[in-house]
Protein chains: 2
Amino acid sequence: MQDTQVLMGHGSGGTMMKRIIDDVFLQAYGSEWLREGNDAAVLPATGPGQRLVVSTDSFVVTPHFFPGGDIGHLAVCGTVNDVATAGAEVKYLTCAFVLEEGFPIESLKRICASMATTAEEAGVALVTGDTKVVNRGHGDGIYINTTGVGFAPGGHLLGGQFCQPGDAVILSGTLGDHGITIMSCREQLGLSADLQSDAAPLNHLVAEVLAAAPGTRCFRDPTRGGLASTLNELADQSSVDIVVEEAAVPVRDAVLGACEMLGYDVFQVANEGKMVVVVPPEQADSALAALRANRCGTEAAIVGHVEEASGGRAPRVVVQTPFGSTRILDMLVGEQLPRIC
Amino acid sequence: MQDTQVLMGHGSGGTMMKRIIDDVFLQAYGSEWLREGNDAAVLPATGPGQRLVVSTDSFVVTPHFFPGGDIGHLAVCGTVNDVATAGAEVKYLTCAFVLEEGFPIESLKRICASMATTAEEAGVALVTGDTKVVNRGHGDGIYINTTGVGFAPGGHLLGGQFCQPGDAVILSGTLGDHGITIMSCREQLGLSADLQSDAAPLNHLVAEVLAAAPGTRCFRDPTRGGLASTLNELADQSSVDIVVEEAAVPVRDAVLGACEMLGYDVFQVANEGKMVVVVPPEQADSALAALRANRCGTEAAIVGHVEEASGGRAPRVVVQTPFGSTRILDMLVGEQLPRIC
């Protein structure tokens, strides 16, 4: 393609838009459905007894490229993981770009190549898309929306509303890697050469846990708002308390050091390749073993449990510190670190 | 809700995000799936023999409010119409916002109320969403992505690749209303008090045409790039020529006047509530009658027909002028009028 930058005409609906579609998007990830060139993708239906699962996410992270990933990788992982939380086989992704006039075509190609690689890893097809171009000064280079479609088996439903007293709360790995990496990168803090985003598609991991622990109550990825927001959401949805053992929560030294230096609570920092899994106590060990057998879950740990909420007051999340004291873990108030995803 | 403007914290994943979801989005269009509060919506499956249809679109139009609609109305119509083009019953929409810090909450509420009204008219449910906030100066108030999911019957497939020589080309109404309205509004030209956007959900109209003309080859809405781009896409997909009778194409006087004054070709101006329908000749009258019986198709007309492409050269679209001459109708090159949707 001869163009070196995104121009307003690439969003025109005319020949320039056709060129960016053919030369960039179809080159990178042209599935049979995308190649058909209709305005909607016509896909195979759900199988007998299955349910349809849909999730959407826009990605506005800056910088666009960071250690461990880029905005394209993130745009596939984020939505794949959200669809997977329903216990679904993730099948299809749509992809809509809002590009800023002047964005380098070379960067767009790198991002699309990354989306293609991640989609292949996750086993999903990019089936339809959209391209809008906004004037210089009205965007930030590139915003990506992906919407994911998956098929879930009938029967057992998963969801944040199904947590029960006694359930184990498992975390699939270390906390805070994504958020601290983005922050370090953006502010050029050079905190540590070891920091990198954990962004990864976790749909295979979810399937393996479900096979090992079919009674699993729910999966949720602790992205924006971190573990604190995720656990508070679950406590709220199920009207239960959740107790976390601080010493059991895996955190890398580099991340912990950065949090201490900057005054962040690692429980509130975003993750993009981690899953919180709530399972009945008798299936906790099987779930943990399945997690640890997956390369994205080698550092999984049981980090807490669910308790009955004491009569009358609102459900809450409590952290037991290594010193024997406890503190209430609140949802993030305000904004800690914007545009991390 | 006490907040008067969008703040970075509304995209945090924490308590402020919960507040904007509860007080704005759920208030406006809280379906049972949206209210569940999980990261993915679990929906009923397709019925026996059905296919799954998916389409996505982002909306970046300015101004956000214009005669005949607003960005929220457009965001529902645009995606509903794209899913409908596959002959599908449109069922579900996802909705993802990229909000700019400082955007008035009051405007957001008006936009969400408009989305709710349009979704109800179309008979679709908003089932899951996402909210991102970007810093002041990195957006344009609000960008909306919607992704639509529909179910299409098995058997007869619709698509731009199925046009055949002899087919009639029908346009559901007047050309250019949306594009000229936006332009007039944006440039404060005050062209005519009668100008208004044609944006409308056309899924019921599509269903009625299909019932009357079951052999329909394809539907396509002539949005960005206008009728010129749509017909060139169809000619290209089916390797056929398309001949348009200029005198048969309905255009309002106010739109025609504006186009003449500004040097626009009305065939290249965007529409948001119109459909191009290609049907076998023997079903053209039935399709036309069905269109005219719908309030969005009262001015429908047969505007052309499909011909075999002459040996060797690329398919093309030809306009026969009222003076007996012909001209080639090209796809829009470059950008005529940006950010009209």
# chains A, B, ... in the order shown; residues from 1 in each chain; ligands from 1
>>> residues_around(residues="Ala28 (chain A)", least_positions_apart="6", cutoff="12 Å", atoms="only C-alpha atoms", output="VMD selection string")
chain A and resid 20 to 22 34 to 35 72 108 to 120 125 to 126
>>> write_last_selection(atoms="N, CA and C atoms", output="compact mmCIF listing (two decimals), in the first residue's frame")
# COMPACT_ATOMS: atom_id res chain seq x y z
N ILE A 20 -7.46 0.31 2.29
CA ILE A 20 -6.95 -0.02 3.62
C ILE A 20 -7.50 -1.37 4.08
N ILE A 21 -8.73 -1.68 3.70
CA ILE A 21 -9.31 -2.98 4.06
C ILE A 21 -8.53 -4.10 3.37
N ASP A 22 -8.34 -3.95 2.06
CA ASP A 22 -7.66 -5.01 1.30
C ASP A 22 -6.20 -5.17 1.72
N LEU A 34 -14.78 -12.34 6.51
CA LEU A 34 -14.31 -10.99 6.24
C LEU A 34 -14.13 -10.79 4.74
N ARG A 35 -13.63 -11.82 4.06
CA ARG A 35 -13.37 -11.72 2.62
C ARG A 35 -14.64 -11.60 1.80
N GLY A 72 -3.26 -4.07 19.99
CA GLY A 72 -3.95 -5.09 19.20
C GLY A 72 -4.04 -6.41 19.96
N LEU A 108 -0.15 0.61 12.24
CA LEU A 108 -1.42 -0.09 12.09
C LEU A 108 -1.17 -1.53 11.64
N LYS A 109 -0.23 -1.70 10.72
CA LYS A 109 0.08 -3.05 10.24
C LYS A 109 0.66 -3.93 11.35
N ARG A 110 1.52 -3.33 12.17
CA ARG A 110 2.10 -4.10 13.31
C ARG A 110 0.99 -4.53 14.27
N ILE A 111 0.05 -3.61 14.52
CA ILE A 111 -1.04 -3.89 15.45
C ILE A 111 -1.94 -4.98 14.89
N CYS A 112 -2.23 -4.91 13.58
CA CYS A 112 -3.09 -5.92 12.96
C CYS A 112 -2.41 -7.29 12.94
N ALA A 113 -1.09 -7.30 12.70
CA ALA A 113 -0.36 -8.57 12.72
C ALA A 113 -0.42 -9.18 14.11
N SER A 114 -0.32 -8.34 15.11
CA SER A 114 -0.38 -8.82 16.49
C SER A 114 -1.78 -9.37 16.80
N MET A 115 -2.81 -8.70 16.29
CA MET A 115 -4.18 -9.21 16.49
C MET A 115 -4.33 -10.58 15.84
N ALA A 116 -3.75 -10.73 14.65
CA ALA A 116 -3.85 -12.00 13.92
C ALA A 116 -3.19 -13.13 14.71
N THR A 117 -1.99 -12.87 15.23
CA THR A 117 -1.26 -13.88 16.00
C THR A 117 -2.04 -14.27 17.25
N THR A 118 -2.56 -13.27 17.95
CA THR A 118 -3.27 -13.55 19.20
C THR A 118 -4.59 -14.28 18.92
N ALA A 119 -5.27 -13.89 17.85
CA ALA A 119 -6.51 -14.55 17.48
C ALA A 119 -6.25 -16.02 17.15
N GLU A 120 -5.13 -16.26 16.49
CA GLU A 120 -4.79 -17.65 16.15
C GLU A 120 -4.51 -18.46 17.42
N ALA A 125 -11.83 -16.39 15.00
CA ALA A 125 -11.76 -15.77 13.68
C ALA A 125 -12.28 -14.34 13.75
N LEU A 126 -11.61 -13.43 13.06
CA LEU A 126 -12.09 -12.05 12.92
C LEU A 126 -13.02 -12.02 11.72
>>> residues_around(residues="region 169-184 of chain B", least_positions_apart="6", cutoff="8 Å", atoms="only C-alpha atoms", output="ChimeraX atom specification")
/B:62-63,66-67,190-191,195-199,226-227,249-252,255,258-259,266-267,269-272,274-279,284,288,291-292,296-306,337,340
>>> interface_residues(of="chain B", to="chain A", cutoff="7 Å", atoms="only C-alpha atoms", output="PyMOL selection string")
chain B and resi 8-9+12-16+38-46+50-58+82-83+86+94+96+128-130+132+134+137-140+147+159-160+224-225+229+331-335+338-339
>>> write_last_selection(atoms="C-alpha atoms", output="PDB file, in the first residue's frame")
ATOM      1  CA  MET B   8     -11.539   9.973  34.168  1.00  0.00           C
ATOM      2  CA  GLY B   9     -12.826   7.962  37.147  1.00  0.00           C
ATOM      3  CA  SER B  12     -11.847   3.288  36.218  1.00  0.00           C
ATOM      4  CA  GLY B  13     -13.521  -0.036  36.871  1.00  0.00           C
ATOM      5  CA  GLY B  14     -14.282   1.270  40.379  1.00  0.00           C
ATOM      6  CA  THR B  15     -17.171   2.920  42.194  1.00  0.00           C
ATOM      7  CA  MET B  16     -17.472   5.874  39.788  1.00  0.00           C
ATOM      8  CA  ASN B  38     -21.451 -10.028  34.360  1.00  0.00           C
ATOM      9  CA  ASP B  39     -18.701  -9.334  31.813  1.00  0.00           C
ATOM     10  CA  ALA B  40     -20.499 -11.284  29.094  1.00  0.00           C
ATOM     11  CA  ALA B  41     -24.179 -11.624  28.214  1.00  0.00           C
ATOM     12  CA  VAL B  42     -25.481 -15.192  28.044  1.00  0.00           C
ATOM     13  CA  LEU B  43     -28.301 -15.243  25.492  1.00  0.00           C
ATOM     14  CA  PRO B  44     -30.764 -17.738  24.056  1.00  0.00           C
ATOM     15  CA  ALA B  45     -29.343 -19.733  21.166  1.00  0.00           C
ATOM     16  CA  THR B  46     -30.322 -19.686  17.529  1.00  0.00           C
ATOM     17  CA  GLN B  50     -30.964 -20.656  11.724  1.00  0.00           C
ATOM     18  CA  ARG B  51     -27.695 -18.868  11.074  1.00  0.00           C
ATOM     19  CA  LEU B  52     -25.981 -16.339  13.299  1.00  0.00           C
ATOM     20  CA  VAL B  53     -25.492 -12.846  11.859  1.00  0.00           C
ATOM     21  CA  VAL B  54     -23.074 -10.298  13.330  1.00  0.00           C
ATOM     22  CA  SER B  55     -22.138  -6.752  12.325  1.00  0.00           C
ATOM     23  CA  THR B  56     -20.204  -3.938  14.010  1.00  0.00           C
ATOM     24  CA  ASP B  57     -19.963  -0.157  13.523  1.00  0.00           C
ATOM     25  CA  SER B  58     -18.416   2.754  15.389  1.00  0.00           C
ATOM     26  CA  ASP B  82     -26.341  -3.812   8.676  1.00  0.00           C
ATOM     27  CA  VAL B  83     -27.540  -6.957  10.462  1.00  0.00           C
ATOM     28  CA  ALA B  86     -28.458 -10.420   5.781  1.00  0.00           C
ATOM     29  CA  THR B  94     -23.769  -4.378  22.470  1.00  0.00           C
ATOM     30  CA  ALA B  96     -19.314   0.518  23.945  1.00  0.00           C
ATOM     31  CA  THR B 128     -23.799  -5.730  27.358  1.00  0.00           C
ATOM     32  CA  GLY B 129     -21.502  -2.717  27.170  1.00  0.00           C
ATOM     33  CA  ASP B 130     -18.234  -1.032  27.967  1.00  0.00           C
ATOM     34  CA  LYS B 132     -13.784   3.994  28.453  1.00  0.00           C
ATOM     35  CA  VAL B 134     -10.021   9.340  27.392  1.00  0.00           C
ATOM     36  CA  GLY B 137      -8.224  16.611  23.871  1.00  0.00           C
ATOM     37  CA  HIS B 138      -8.090  12.943  22.836  1.00  0.00           C
ATOM     38  CA  GLY B 139     -11.635  12.432  21.619  1.00  0.00           C
ATOM     39  CA  ASP B 140     -14.589  14.431  20.434  1.00  0.00           C
ATOM     40  CA  THR B 147     -22.323  -4.587  17.516  1.00  0.00           C
ATOM     41  CA  GLY B 159     -25.428 -11.111  -0.337  1.00  0.00           C
ATOM     42  CA  GLY B 160     -23.823  -8.682  -2.732  1.00  0.00           C
ATOM     43  CA  ARG B 224     -20.663   6.362   3.553  1.00  0.00           C
ATOM     44  CA  GLY B 225     -19.762   6.685  -0.121  1.00  0.00           C
ATOM     45  CA  SER B 229     -20.064   3.108  -3.577  1.00  0.00           C
ATOM     46  CA  MET B 331     -16.790   4.966  -6.261  1.00  0.00           C
ATOM     47  CA  LEU B 332     -16.011   7.982  -4.161  1.00  0.00           C
ATOM     48  CA  VAL B 333     -12.286   8.770  -4.341  1.00  0.00           C
ATOM     49  CA  GLY B 334     -10.813  10.472  -1.281  1.00  0.00           C
ATOM     50  CA  GLU B 335     -13.186  11.966   1.240  1.00  0.00           C
ATOM     51  CA  PRO B 338     -15.946  13.303   6.841  1.00  0.00           C
ATOM     52  CA  ARG B 339     -17.553  12.044  10.041  1.00  0.00           C
TER      53      ARG B 339
END
>>> select_by_dssp(residues="region 254-298 of chain A", states="strand (DSSP E or B)", output="list in words")
Val276, Val277, Val278 and Val279 of chain A
>>> write_last_selection(atoms="N, CA and C atoms", output="JSON list (two decimals), in the first residue's frame")
[["chain", "number", "residue", "atom", "x", "y", "z"],
["A", 276, "VAL", "N", -9.79, -14.65, 38.16],
["A", 276, "VAL", "CA", -10.26, -15.05, 39.49],
["A", 276, "VAL", "C", -11.26, -16.19, 39.26],
["A", 277, "VAL", "N", -11.07, -17.27, 40.00],
["A", 277, "VAL", "CA", -11.95, -18.42, 39.85],
["A", 277, "VAL", "C", -12.55, -18.74, 41.21],
["A", 278, "VAL", "N", -13.87, -18.83, 41.28],
["A", 278, "VAL", "CA", -14.52, -19.21, 42.55],
["A", 278, "VAL", "C", -15.08, -20.62, 42.36],
["A", 279, "VAL", "N", -14.67, -21.52, 43.26],
["A", 279, "VAL", "CA", -15.06, -22.94, 43.14],
["A", 279, "VAL", "C", -15.54, -23.47, 44.48]]
>>> select_by_dssp(residues="region 120-289 of chain B", states="alpha helix (DSSP H)", output="PyMOL selection string")
chain B and resi 120-122+177-186+203-212+226-238+253-262+284-289
>>> atom_distance(atom1="CA of Glu282 (chain B)", atom2="CA of Gly166 (chain B)")
9.7 Å
>>> residues_around(residues="Phe323 (chain A)", least_positions_apart="2", cutoff="10 Å", atoms="only C-alpha atoms", output="compact mmCIF listing (two decimals) with N, CA and C atoms, in the first residue's frame")
# COMPACT_ATOMS: atom_id res chain seq x y z
N GLU A 246 -3.70 -12.06 52.52
CA GLU A 246 -2.73 -11.24 51.80
C GLU A 246 -1.46 -12.01 51.47
N ALA A 247 -0.98 -12.82 52.41
CA ALA A 247 0.28 -13.54 52.21
C ALA A 247 0.19 -14.57 51.09
N GLN A 320 -6.91 -10.32 55.27
CA GLN A 320 -6.17 -10.68 56.48
C GLN A 320 -4.69 -10.48 56.21
N THR A 321 -4.08 -9.58 56.95
CA THR A 321 -2.66 -9.28 56.71
C THR A 321 -1.79 -10.35 57.37
N SER A 325 -3.77 -8.78 61.51
CA SER A 325 -4.84 -7.78 61.50
C SER A 325 -5.67 -7.95 60.23
N THR A 326 -6.79 -7.24 60.17
CA THR A 326 -7.61 -7.28 58.96
C THR A 326 -7.91 -5.85 58.50
>>> closest_residue(among="A:Ser239, A:Ala289, A:Gln5, A:Val124", to="Tyr29 (chain A)", atoms="only C-alpha atoms")
A:Val124
